[in-house]
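Pasting target_11.txt here (compact mmCIF, C-alpha atoms and all ligand atoms):
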```
# COMPACT_ATOMS: atom_id res chain seq x y z
CA MET A 1 -7.85 106.82 38.45
CA ASN A 2 -10.73 107.92 36.21
CA ARG A 3 -11.49 106.02 33.07
CA PRO A 4 -10.55 108.09 29.95
CA CYS A 5 -13.72 109.83 28.77
CA PRO A 6 -15.33 109.20 25.36
CA ILE A 7 -14.45 111.69 22.60
CA VAL A 8 -16.76 112.19 19.62
CA PHE A 9 -15.62 113.82 16.37
CA ASP A 10 -17.33 115.66 13.56
CA LEU A 11 -16.20 114.56 10.06
CA ASP A 12 -16.40 117.16 7.24
CA GLY A 13 -14.20 120.18 7.98
CA THR A 14 -12.83 118.48 11.12
CA LEU A 15 -11.12 115.18 10.26
CA ILE A 16 -11.39 115.53 6.47
CA ASP A 17 -11.22 118.34 3.94
CA SER A 18 -14.07 117.07 1.77
CA ALA A 19 -15.20 120.39 0.27
CA PRO A 20 -13.39 119.75 -3.07
CA ASP A 21 -15.31 116.48 -3.60
CA ILE A 22 -18.64 117.98 -2.50
CA HIS A 23 -17.97 120.97 -4.80
CA ALA A 24 -17.15 118.66 -7.73
CA CYS A 25 -20.32 116.59 -7.19
CA VAL A 26 -22.54 119.69 -6.93
CA ASN A 27 -21.05 121.23 -10.06
CA ALA A 28 -21.31 117.99 -12.05
CA VAL A 29 -25.05 117.94 -11.30
CA LEU A 30 -25.43 121.65 -12.11
CA ARG A 31 -23.59 121.22 -15.44
CA GLU A 32 -25.74 118.20 -16.37
CA ASN A 33 -28.73 120.51 -15.93
CA ASP A 34 -27.21 123.43 -17.88
CA ILE A 35 -26.82 125.51 -14.72
CA ALA A 36 -23.67 127.59 -14.18
CA PRO A 37 -21.25 126.01 -11.66
CA LEU A 38 -20.55 127.55 -8.24
CA PRO A 39 -17.08 128.47 -6.90
CA LEU A 40 -15.43 126.24 -4.26
CA ASP A 41 -15.63 128.88 -1.50
CA ARG A 42 -19.35 129.25 -2.03
CA VAL A 43 -20.04 125.51 -1.86
CA ARG A 44 -17.75 125.17 1.16
CA SER A 45 -19.87 127.78 2.95
CA PHE A 46 -22.94 125.58 2.33
CA ILE A 47 -21.47 122.51 4.11
CA GLY A 48 -22.24 121.52 7.68
CA GLY A 49 -25.98 120.99 7.88
CA GLY A 50 -26.17 117.85 5.73
CA VAL A 51 -27.26 117.16 2.16
CA ASP A 52 -30.77 118.67 2.43
CA LEU A 53 -29.49 122.02 3.68
CA LEU A 54 -26.63 121.97 1.15
CA TRP A 55 -29.18 121.68 -1.67
CA THR A 56 -31.51 124.27 -0.14
CA ARG A 57 -28.56 126.65 -0.34
CA VAL A 58 -27.51 125.57 -3.87
CA ILE A 59 -31.09 125.92 -5.11
CA ALA A 60 -31.32 129.43 -3.62
CA ALA A 61 -27.89 130.46 -4.95
CA CYS A 62 -28.69 129.27 -8.49
CA ALA A 63 -32.37 130.36 -8.48
CA ILE A 64 -33.46 126.81 -9.38
CA GLU A 65 -37.16 125.90 -9.38
CA PRO A 66 -37.83 123.90 -6.16
CA VAL A 67 -39.71 121.28 -8.20
CA HIS A 68 -36.31 120.04 -9.46
CA ARG A 69 -34.99 119.44 -5.93
CA PRO A 70 -35.61 115.65 -5.60
CA ALA A 71 -34.02 114.86 -8.97
CA LEU A 72 -31.01 117.09 -8.24
CA ILE A 73 -30.44 115.50 -4.82
CA ALA A 74 -30.76 111.99 -6.30
CA ALA A 75 -28.21 112.84 -9.02
CA PHE A 76 -25.92 114.34 -6.37
CA MET A 77 -26.14 111.27 -4.10
CA ALA A 78 -25.31 108.95 -7.01
CA ARG A 79 -21.94 110.74 -7.24
CA TYR A 80 -21.44 111.68 -3.58
CA HIS A 81 -21.91 108.24 -2.00
CA ASP A 82 -18.36 107.16 -2.93
CA ALA A 83 -16.61 110.47 -3.71
CA THR A 84 -13.15 110.39 -2.13
CA ALA A 85 -10.76 111.32 -4.97
CA LEU A 86 -10.38 114.97 -3.94
CA THR A 87 -10.85 114.51 -0.17
CA ARG A 88 -7.87 114.70 2.20
CA LEU A 89 -7.37 114.05 5.90
CA PHE A 90 -6.41 117.21 7.76
CA PRO A 91 -2.71 117.06 8.78
CA GLY A 92 -2.08 115.00 11.89
CA ALA A 93 -5.70 113.86 12.26
CA ILE A 94 -5.09 110.12 12.06
CA GLU A 95 -2.06 110.34 14.36
CA ALA A 96 -4.07 112.30 16.95
CA LEU A 97 -6.91 109.76 16.80
CA GLY A 98 -4.38 106.96 17.29
CA ARG A 99 -2.82 108.70 20.30
CA LEU A 100 -6.22 109.32 21.91
CA ALA A 101 -7.32 105.72 21.28
CA ASP A 102 -4.00 104.42 22.68
CA ALA A 103 -4.61 106.55 25.79
CA GLY A 104 -7.87 104.62 26.26
CA HIS A 105 -10.43 107.18 25.09
CA PRO A 106 -13.41 105.48 23.42
CA LEU A 107 -13.83 107.35 20.10
CA GLY A 108 -16.92 108.00 18.01
CA LEU A 109 -18.15 110.04 15.08
CA CYS A 110 -21.23 112.27 14.85
CA THR A 111 -21.63 113.80 11.40
CA ASN A 112 -24.44 115.34 9.35
CA LYS A 113 -23.04 113.47 6.31
CA PRO A 114 -25.28 110.52 5.37
CA MET A 115 -24.10 107.10 6.59
CA ALA A 116 -23.27 105.60 3.18
CA PRO A 117 -20.64 108.20 2.17
CA THR A 118 -19.46 108.39 5.79
CA ARG A 119 -18.66 104.65 5.83
CA VAL A 120 -16.90 104.90 2.46
CA VAL A 121 -14.72 107.79 3.65
CA LEU A 122 -13.86 106.12 6.96
CA ASP A 123 -12.83 102.93 5.13
CA HIS A 124 -10.92 104.89 2.46
CA PHE A 125 -8.78 106.66 5.08
CA GLY A 126 -8.39 103.63 7.37
CA LEU A 127 -10.35 105.26 10.20
CA SER A 128 -13.14 102.71 10.65
CA HIS A 129 -11.30 100.60 13.22
CA LEU A 130 -10.76 103.70 15.40
CA MET A 131 -14.47 104.61 15.42
CA PRO A 132 -16.62 101.92 17.04
CA VAL A 133 -19.60 104.32 17.11
CA VAL A 134 -20.71 106.24 14.01
CA ILE A 135 -23.86 108.37 13.81
CA GLY A 136 -24.66 109.89 10.40
CA GLY A 137 -26.98 112.60 9.13
CA ASP A 138 -29.64 110.02 8.29
CA SER A 139 -29.28 107.89 11.43
CA LEU A 140 -32.07 109.83 13.19
CA PRO A 141 -34.85 112.20 12.05
CA GLN A 142 -32.88 115.02 13.78
CA ARG A 143 -29.54 116.44 12.64
CA LYS A 144 -27.01 118.72 14.36
CA PRO A 145 -27.41 121.35 15.82
CA ASP A 146 -30.16 119.27 17.43
CA PRO A 147 -28.43 117.44 20.30
CA ALA A 148 -30.12 114.07 19.59
CA PRO A 149 -27.46 112.59 17.25
CA LEU A 150 -24.58 113.51 19.57
CA ARG A 151 -26.53 112.22 22.59
CA LEU A 152 -27.02 108.91 20.76
CA ALA A 153 -23.31 108.65 19.91
CA LEU A 154 -22.40 109.40 23.53
CA ALA A 155 -24.92 106.89 24.87
CA GLN A 156 -23.46 104.20 22.60
CA LEU A 157 -20.03 105.05 24.06
CA GLY A 158 -21.41 104.74 27.57
CA ALA A 159 -21.69 108.49 28.37
CA THR A 160 -25.21 109.30 29.55
CA GLY A 161 -26.97 111.64 31.94
CA ASP A 162 -27.75 115.37 32.00
CA ALA A 163 -24.11 116.36 31.40
CA PRO A 164 -22.36 113.32 29.90
CA ARG A 165 -18.70 112.88 30.82
CA ALA A 166 -17.28 113.31 27.31
CA LEU A 167 -15.91 115.77 24.73
CA TYR A 168 -17.01 116.77 21.24
CA VAL A 169 -14.52 117.93 18.59
CA GLY A 170 -15.76 119.82 15.52
CA ASP A 171 -15.44 122.89 13.33
CA SER A 172 -18.80 124.49 12.67
CA GLU A 173 -21.78 126.38 14.04
CA PHE A 174 -23.76 123.14 13.84
CA ASP A 175 -21.22 121.34 16.03
CA ALA A 176 -20.79 124.16 18.57
CA HIS A 177 -24.53 124.58 19.16
CA CYS A 178 -25.08 120.82 19.24
CA ALA A 179 -22.39 120.35 21.92
CA ALA A 180 -23.78 123.25 23.96
CA ALA A 181 -27.26 121.74 23.81
CA VAL A 182 -26.17 118.27 25.06
CA PRO A 183 -24.18 119.76 26.98
CA VAL A 184 -20.55 118.59 26.60
CA PRO A 185 -17.32 120.63 26.33
CA PHE A 186 -16.58 121.50 22.69
CA LEU A 187 -13.09 121.72 21.17
CA ILE A 188 -13.12 123.66 17.89
CA TYR A 189 -10.72 123.11 14.96
CA SER A 190 -9.90 126.53 13.51
CA LYS A 191 -9.06 125.30 9.96
CA GLY A 192 -12.51 123.86 9.25
CA TYR A 193 -15.66 125.20 7.55
CA ARG A 194 -17.36 127.98 9.44
CA MET A 195 -19.06 131.27 8.60
CA THR A 196 -19.29 132.58 12.19
CA PRO A 197 -16.19 133.89 14.03
CA ILE A 198 -15.00 131.38 16.66
CA ASP A 199 -15.44 134.00 19.43
CA GLU A 200 -19.17 134.04 18.72
CA LEU A 201 -19.57 130.28 19.10
CA PRO A 202 -19.83 128.36 22.39
CA HIS A 203 -16.59 126.39 22.86
CA GLN A 204 -14.15 125.23 25.52
CA ALA A 205 -10.91 125.52 23.55
CA VAL A 206 -9.52 126.08 20.03
CA PHE A 207 -6.80 124.15 18.17
CA ASP A 208 -5.10 124.96 14.86
CA HIS A 209 -3.32 121.64 14.27
CA PHE A 210 -4.13 118.07 15.30
CA ASP A 211 -0.70 117.81 16.97
CA GLN A 212 -2.20 120.02 19.69
CA LEU A 213 -5.31 117.92 20.26
CA PRO A 214 -4.08 115.21 22.70
CA GLY A 215 -2.57 117.90 24.98
CA LEU A 216 -5.71 120.02 24.70
CA VAL A 217 -7.90 117.05 25.60
CA ALA A 218 -5.76 116.39 28.69
CA ALA A 219 -5.86 120.07 29.70
CA THR A 220 -9.63 120.29 29.17
CA ILE A 221 -10.21 117.20 31.26
CA ALA A 222 -7.90 118.48 34.01
CA GLY A 223 -9.64 121.86 34.06
CA SER A 224 -13.27 120.80 33.90
CA ASP A 225 -15.72 118.42 35.49
CA VAL A 226 -15.13 116.01 32.57
CA SER A 227 -12.62 114.46 34.97
CA ALA A 228 -15.30 113.73 37.59
CA PRO A 229 -15.80 109.99 38.23
O1 LIG B 301 -22.53 116.78 5.43
C1 LIG B 301 -22.39 117.93 5.91
O2 LIG B 301 -22.97 118.95 5.47
C2 LIG B 301 -21.48 118.14 7.07
O3 LIG B 301 -21.06 117.03 7.73
P1 LIG B 301 -20.31 117.21 9.15
O4 LIG B 301 -21.40 117.14 10.18
O5 LIG B 301 -19.37 116.03 9.18
O6 LIG B 301 -19.60 118.52 9.15
```
Could you rewrite the structure in this file as structure tokens?
Amino acid sequence: MNRPCPIVFDLDGTLIDSAPDIHACVNAVLRENDIAPLPLDRVRSFIGGGVDLLWTRVIAACAIEPVHRPALIAAFMARYHDATALTRLFPGAIEALGRLADAGHPLGLCTNKPMAPTRVVLDHFGLSHLMPVVIGGDSLPQRKPDPAPLRLALAQLGATGDAPRALYVGDSEFDAHCAAAVPVPFLIYSKGYRMTPIDELPHQAVFDHFDQLPGLVAATIAGSDVSAP
């Protein structure tokens, strides 16, 4: 029988609904600088590419002078590094991770969120023990959609080669294009943060609730060359 394949997860918009905390941190910094706050939906649409891209988008949306960028990002990080009060796990996420781990799948995380807040969130929600491999947005010079961070996570989980025997689970354009570039099959969570319709993104399968994920993983493996030895 084949060894269960590694499965790597995205974090923001996939395992956790962190937009309310990111929104609160952005607006706290904007208010400190006498800049009008942004609505939650707007900030949510800026998430996915990491802190630098988030602030590129905030700076454009608020017509802020680029010279202020380093100070704004530093003020943001001072709040963001341990912001968990408004963040929630998506329903069923921890149970699905537990079921996949119990089935023998090595699990990992590949996020564009910097490592410091990533570690805090994983500890806060009791997920750290399930994730032996964690690659953050500042682990490498490249970030998703570049395939390098996901390739590194997969290599650390023992999945290497031109088409690693593994799956990636995420919610966004960044995740879909990253998985396609590796390449590994991509399972997309429909309730996450995404501006592009799912039909327009490369993906293997869609799920709306984490209850569906273990079955979808099994079906994807059965129907694709992920099951090859
Ligand atoms: O920090 C972000 O912008 C997004 O992080 P993610 O890769 O976990 O979605």
Each chain A residue no farther than 8 Å from ligand LIG 301 (chain B), nearest pair in Å, all atoms listed in the file, as JSON lines:
```
{"residue": "A:Asp10", "atom": "CA", "partner": "B:LIG301", "partner_atom": "O5", "distance": 4.8}
{"residue": "A:Leu11", "atom": "CA", "partner": "B:LIG301", "partner_atom": "O5", "distance": 3.6}
{"residue": "A:Asp12", "atom": "CA", "partner": "B:LIG301", "partner_atom": "O5", "distance": 3.7}
{"residue": "A:Gly13", "atom": "CA", "partner": "B:LIG301", "partner_atom": "O6", "distance": 5.8}
{"residue": "A:Thr14", "atom": "CA", "partner": "B:LIG301", "partner_atom": "O6", "distance": 7.1}
{"residue": "A:Phe46", "atom": "CA", "partner": "B:LIG301", "partner_atom": "O2", "distance": 7.3}
{"residue": "A:Ile47", "atom": "CA", "partner": "B:LIG301", "partner_atom": "O2", "distance": 4.1}
{"residue": "A:Gly48", "atom": "CA", "partner": "B:LIG301", "partner_atom": "O2", "distance": 3.5}
{"residue": "A:Gly49", "atom": "CA", "partner": "B:LIG301", "partner_atom": "O2", "distance": 4.4}
{"residue": "A:Gly50", "atom": "CA", "partner": "B:LIG301", "partner_atom": "O2", "distance": 3.4}
{"residue": "A:Val51", "atom": "CA", "partner": "B:LIG301", "partner_atom": "O2", "distance": 5.7}
{"residue": "A:Leu53", "atom": "CA", "partner": "B:LIG301", "partner_atom": "O2", "distance": 7.4}
{"residue": "A:Leu54", "atom": "CA", "partner": "B:LIG301", "partner_atom": "O2", "distance": 6.4}
{"residue": "A:Cys110", "atom": "CA", "partner": "B:LIG301", "partner_atom": "O4", "distance": 6.7}
{"residue": "A:Thr111", "atom": "CA", "partner": "B:LIG301", "partner_atom": "O4", "distance": 3.6}
{"residue": "A:Asn112", "atom": "CA", "partner": "B:LIG301", "partner_atom": "O4", "distance": 3.6}
{"residue": "A:Lys113", "atom": "CA", "partner": "B:LIG301", "partner_atom": "O1", "distance": 3.5}
{"residue": "A:Pro114", "atom": "CA", "partner": "B:LIG301", "partner_atom": "O1", "distance": 6.8}
{"residue": "A:Gly136", "atom": "CA", "partner": "B:LIG301", "partner_atom": "O4", "distance": 8.0}
{"residue": "A:Gly137", "atom": "CA", "partner": "B:LIG301", "partner_atom": "O1", "distance": 7.1}
{"residue": "A:Lys144", "atom": "CA", "partner": "B:LIG301", "partner_atom": "O4", "distance": 7.2}
{"residue": "A:Gly170", "atom": "CA", "partner": "B:LIG301", "partner_atom": "O6", "distance": 7.6}
{"residue": "A:Asp171", "atom": "CA", "partner": "B:LIG301", "partner_atom": "O6", "distance": 7.3}
{"residue": "A:Ser172", "atom": "CA", "partner": "B:LIG301", "partner_atom": "O6", "distance": 7.0}
{"residue": "A:Phe174", "atom": "CA", "partner": "B:LIG301", "partner_atom": "O4", "distance": 7.4}
{"residue": "A:Asp175", "atom": "CA", "partner": "B:LIG301", "partner_atom": "O4", "distance": 7.2}
{"residue": "A:Tyr193", "atom": "CA", "partner": "B:LIG301", "partner_atom": "O6", "distance": 7.9}
```
With distances taken over all atoms listed in the file, which residue among A:Leu150, A:Val206, A:Met131, A:Ile73 lies nearest Pro106 of chain A?
A:Met131
Surrounding residues of Phe76 of chain A excluding itself and chain neighbours under 5 positions, 12 Å, all atoms listed in the file, as number ranges by chain
A: 21-33, 51-52, 54-55, 58, 69-71, 81-83, 117
Write to file, as a CSV table (one decimal), in the coordinates of the input, the residues of the selection just made, with C-alpha atoms.
```csv
chain,number,residue,atom,x,y,z
A,21,ASP,CA,-15.3,116.5,-3.6
A,22,ILE,CA,-18.6,118.0,-2.5
A,23,HIS,CA,-18.0,121.0,-4.8
A,24,ALA,CA,-17.2,118.7,-7.7
A,25,CYS,CA,-20.3,116.6,-7.2
A,26,VAL,CA,-22.5,119.7,-6.9
A,27,ASN,CA,-21.0,121.2,-10.1
A,28,ALA,CA,-21.3,118.0,-12.0
A,29,VAL,CA,-25.0,117.9,-11.3
A,30,LEU,CA,-25.4,121.6,-12.1
A,31,ARG,CA,-23.6,121.2,-15.4
A,32,GLU,CA,-25.7,118.2,-16.4
A,33,ASN,CA,-28.7,120.5,-15.9
A,51,VAL,CA,-27.3,117.2,2.2
A,52,ASP,CA,-30.8,118.7,2.4
A,54,LEU,CA,-26.6,122.0,1.2
A,55,TRP,CA,-29.2,121.7,-1.7
A,58,VAL,CA,-27.5,125.6,-3.9
A,69,ARG,CA,-35.0,119.4,-5.9
A,70,PRO,CA,-35.6,115.6,-5.6
A,71,ALA,CA,-34.0,114.9,-9.0
A,81,HIS,CA,-21.9,108.2,-2.0
A,82,ASP,CA,-18.4,107.2,-2.9
A,83,ALA,CA,-16.6,110.5,-3.7
A,117,PRO,CA,-20.6,108.2,2.2
```
Using all atoms listed in the file, find all polymer residues with an atom at most 10 Å away from the point (-17.6, 107.3, 20.5); report them as a PyMOL selection string.
chain A and resi 5-9+105-110+130-135+150+152-159+166-168
Pick from A:Thr220, A:Ser18, A:Asn2, A:Thr196: nearest to Thr87 of chain A, with all atoms listed in the file counted?
A:Ser18
Counting all atoms listed in the file, which residue out of A:His203, A:His124, A:His209, A:Arg3 sits closest to Val184 of chain A?
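Nearest candidate to Val184 of chain A out of A:His203, A:His124, A:His209, A:Arg3: A:His203.
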Find the distance between atom CA of Gly98 of chain A and atom CA of Thr118 of chain A and write it in Å to one decimal.
19.0 Å
Mind pulling up the distance from atom CA of Pro202 of chain A to atom CA of Gly104 of chain A?
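Pair atom CA of Gly104 of chain A / atom CA of Pro202 of chain A returns 26.9 Å.
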So the first atom is atom CA of Ile188 of chain A and the second is atom CA of Leu89 of chain A; what is the distance between them in Å, to one decimal place?
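Distance reported for this atom pair: 16.4 Å.
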Selected residue of minimal separation from Tyr80 of chain A among A:Leu40, A:Cys62, A:Ala163, A:Val121, counting all atoms listed in the file:
A:Val121
So, with all atoms listed in the file as the atoms that count, which of A:Ala61, A:Val120, A:Leu127, A:Val182 lies closest to Ala101 of chain A?
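Of A:Ala61, A:Val120, A:Leu127, A:Val182, the one nearest Ala101 of chain A, counting all atoms listed in the file, is A:Leu127.
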Return as AutoDock Vina command-line options the centre and edge lengths, in Å with one decimal, of the box along x, y and z that encloses every atom of segment 170-180 of chain A in the file, padded by 6 Å per side.
```
--center_x -20.3 --center_y 123.1 --center_z 18.3 --size_x 21.6 --size_y 18.6 --size_z 23.3
```
Smallest atom-to-atom distance to Phe210 of chain A: which of A:Pro4, A:Gly92, A:Gly161, A:Pro197, using all atoms listed in the file?
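Ranking A:Pro4, A:Gly92, A:Gly161, A:Pro197 by distance to Phe210 of chain A, first place goes to A:Gly92.
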So which residues touch Ala205 of chain A within 12 Å, counting only C-alpha atoms, skipping near sequence neighbours fewer than 4 positions away, as a compact mmCIF listing (two decimals) with C-alpha atoms, in the frame of the given file?
```
# COMPACT_ATOMS: atom_id res chain seq x y z
CA LEU A 167 -15.91 115.77 24.73
CA TYR A 168 -17.01 116.77 21.24
CA VAL A 169 -14.52 117.93 18.59
CA GLY A 170 -15.76 119.82 15.52
CA ASP A 171 -15.44 122.89 13.33
CA ALA A 176 -20.79 124.16 18.57
CA PRO A 185 -17.32 120.63 26.33
CA PHE A 186 -16.58 121.50 22.69
CA LEU A 187 -13.09 121.72 21.17
CA ILE A 188 -13.12 123.66 17.89
CA TYR A 189 -10.72 123.11 14.96
CA SER A 190 -9.90 126.53 13.51
CA ILE A 198 -15.00 131.38 16.66
CA ASP A 199 -15.44 134.00 19.43
CA LEU A 201 -19.57 130.28 19.10
CA GLN A 212 -2.20 120.02 19.69
CA LEU A 213 -5.31 117.92 20.26
CA GLY A 215 -2.57 117.90 24.98
CA LEU A 216 -5.71 120.02 24.70
CA VAL A 217 -7.90 117.05 25.60
CA ALA A 218 -5.76 116.39 28.69
CA ALA A 219 -5.86 120.07 29.70
CA THR A 220 -9.63 120.29 29.17
CA ILE A 221 -10.21 117.20 31.26
CA GLY A 223 -9.64 121.86 34.06
CA SER A 224 -13.27 120.80 33.90
```
Can you give me N, CA and C atoms for segment 195-220 of chain A, written as an mmCIF file, in the coordinates of the input?
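Below is the file that was written, out23.cif:
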```
data_model
loop_
_atom_site.group_PDB
_atom_site.id
_atom_site.type_symbol
_atom_site.label_atom_id
_atom_site.label_comp_id
_atom_site.auth_asym_id
_atom_site.auth_seq_id
_atom_site.Cartn_x
_atom_site.Cartn_y
_atom_site.Cartn_z
ATOM 1 N N MET A 195 -18.767 129.907 9.047
ATOM 2 C CA MET A 195 -19.060 131.270 8.600
ATOM 3 C C MET A 195 -19.007 132.247 9.775
ATOM 4 N N THR A 196 -19.219 131.736 10.994
ATOM 5 C CA THR A 196 -19.290 132.580 12.190
ATOM 6 C C THR A 196 -17.910 132.645 12.842
ATOM 7 N N PRO A 197 -17.472 133.842 13.312
ATOM 8 C CA PRO A 197 -16.190 133.890 14.030
ATOM 9 C C PRO A 197 -16.222 132.970 15.263
ATOM 10 N N ILE A 198 -15.075 132.337 15.545
ATOM 11 C CA ILE A 198 -15.000 131.380 16.660
ATOM 12 C C ILE A 198 -15.453 132.028 17.976
ATOM 13 N N ASP A 199 -15.077 133.295 18.180
ATOM 14 C CA ASP A 199 -15.440 134.000 19.430
ATOM 15 C C ASP A 199 -16.943 134.034 19.658
ATOM 16 N N GLU A 200 -17.708 133.949 18.584
ATOM 17 C CA GLU A 200 -19.170 134.040 18.720
ATOM 18 C C GLU A 200 -19.829 132.683 18.905
ATOM 19 N N LEU A 201 -19.006 131.628 18.938
ATOM 20 C CA LEU A 201 -19.570 130.280 19.100
ATOM 21 C C LEU A 201 -19.232 129.727 20.486
ATOM 22 N N PRO A 202 -20.168 128.980 21.105
ATOM 23 C CA PRO A 202 -19.830 128.360 22.390
ATOM 24 C C PRO A 202 -18.735 127.309 22.185
ATOM 25 N N HIS A 203 -17.667 127.391 22.964
ATOM 26 C CA HIS A 203 -16.590 126.390 22.860
ATOM 27 C C HIS A 203 -15.734 126.445 24.113
ATOM 28 N N GLN A 204 -15.033 125.338 24.350
ATOM 29 C CA GLN A 204 -14.150 125.230 25.520
ATOM 30 C C GLN A 204 -12.732 125.631 25.156
ATOM 31 N N ALA A 205 -12.290 125.265 23.960
ATOM 32 C CA ALA A 205 -10.910 125.520 23.550
ATOM 33 C C ALA A 205 -10.823 125.430 22.024
ATOM 34 N N VAL A 206 -9.756 126.051 21.477
ATOM 35 C CA VAL A 206 -9.520 126.080 20.030
ATOM 36 C C VAL A 206 -8.198 125.386 19.738
ATOM 37 N N PHE A 207 -8.115 124.650 18.616
ATOM 38 C CA PHE A 207 -6.800 124.150 18.170
ATOM 39 C C PHE A 207 -6.660 124.382 16.672
ATOM 40 N N ASP A 208 -5.400 124.626 16.259
ATOM 41 C CA ASP A 208 -5.100 124.960 14.860
ATOM 42 C C ASP A 208 -4.472 123.795 14.121
ATOM 43 N N HIS A 209 -3.965 122.805 14.870
ATOM 44 C CA HIS A 209 -3.320 121.640 14.270
ATOM 45 C C HIS A 209 -3.605 120.431 15.161
ATOM 46 N N PHE A 210 -3.782 119.263 14.525
ATOM 47 C CA PHE A 210 -4.130 118.070 15.300
ATOM 48 C C PHE A 210 -3.023 117.632 16.258
ATOM 49 N N ASP A 211 -1.775 118.088 16.015
ATOM 50 C CA ASP A 211 -0.700 117.810 16.970
ATOM 51 C C ASP A 211 -1.062 118.301 18.367
ATOM 52 N N GLN A 212 -1.861 119.390 18.402
ATOM 53 C CA GLN A 212 -2.200 120.020 19.690
ATOM 54 C C GLN A 212 -3.325 119.292 20.417
ATOM 55 N N LEU A 213 -4.065 118.436 19.690
ATOM 56 C CA LEU A 213 -5.310 117.920 20.260
ATOM 57 C C LEU A 213 -5.115 117.043 21.502
ATOM 58 N N PRO A 214 -4.196 116.043 21.489
ATOM 59 C CA PRO A 214 -4.080 115.210 22.700
ATOM 60 C C PRO A 214 -3.766 116.034 23.948
ATOM 61 N N GLY A 215 -2.893 117.041 23.828
ATOM 62 C CA GLY A 215 -2.570 117.900 24.980
ATOM 63 C C GLY A 215 -3.774 118.732 25.404
ATOM 64 N N LEU A 216 -4.532 119.205 24.405
ATOM 65 C CA LEU A 216 -5.710 120.020 24.700
ATOM 66 C C LEU A 216 -6.795 119.192 25.393
ATOM 67 N N VAL A 217 -6.934 117.956 24.951
ATOM 68 C CA VAL A 217 -7.900 117.050 25.600
ATOM 69 C C VAL A 217 -7.502 116.864 27.066
ATOM 70 N N ALA A 218 -6.221 116.599 27.302
ATOM 71 C CA ALA A 218 -5.760 116.390 28.690
ATOM 72 C C ALA A 218 -5.992 117.644 29.518
ATOM 73 N N ALA A 219 -5.691 118.820 28.951
ATOM 74 C CA ALA A 219 -5.860 120.070 29.700
ATOM 75 C C ALA A 219 -7.336 120.347 29.962
ATOM 76 N N THR A 220 -8.186 120.053 28.996
ATOM 77 C CA THR A 220 -9.630 120.290 29.170
ATOM 78 C C THR A 220 -10.178 119.392 30.264
#
```
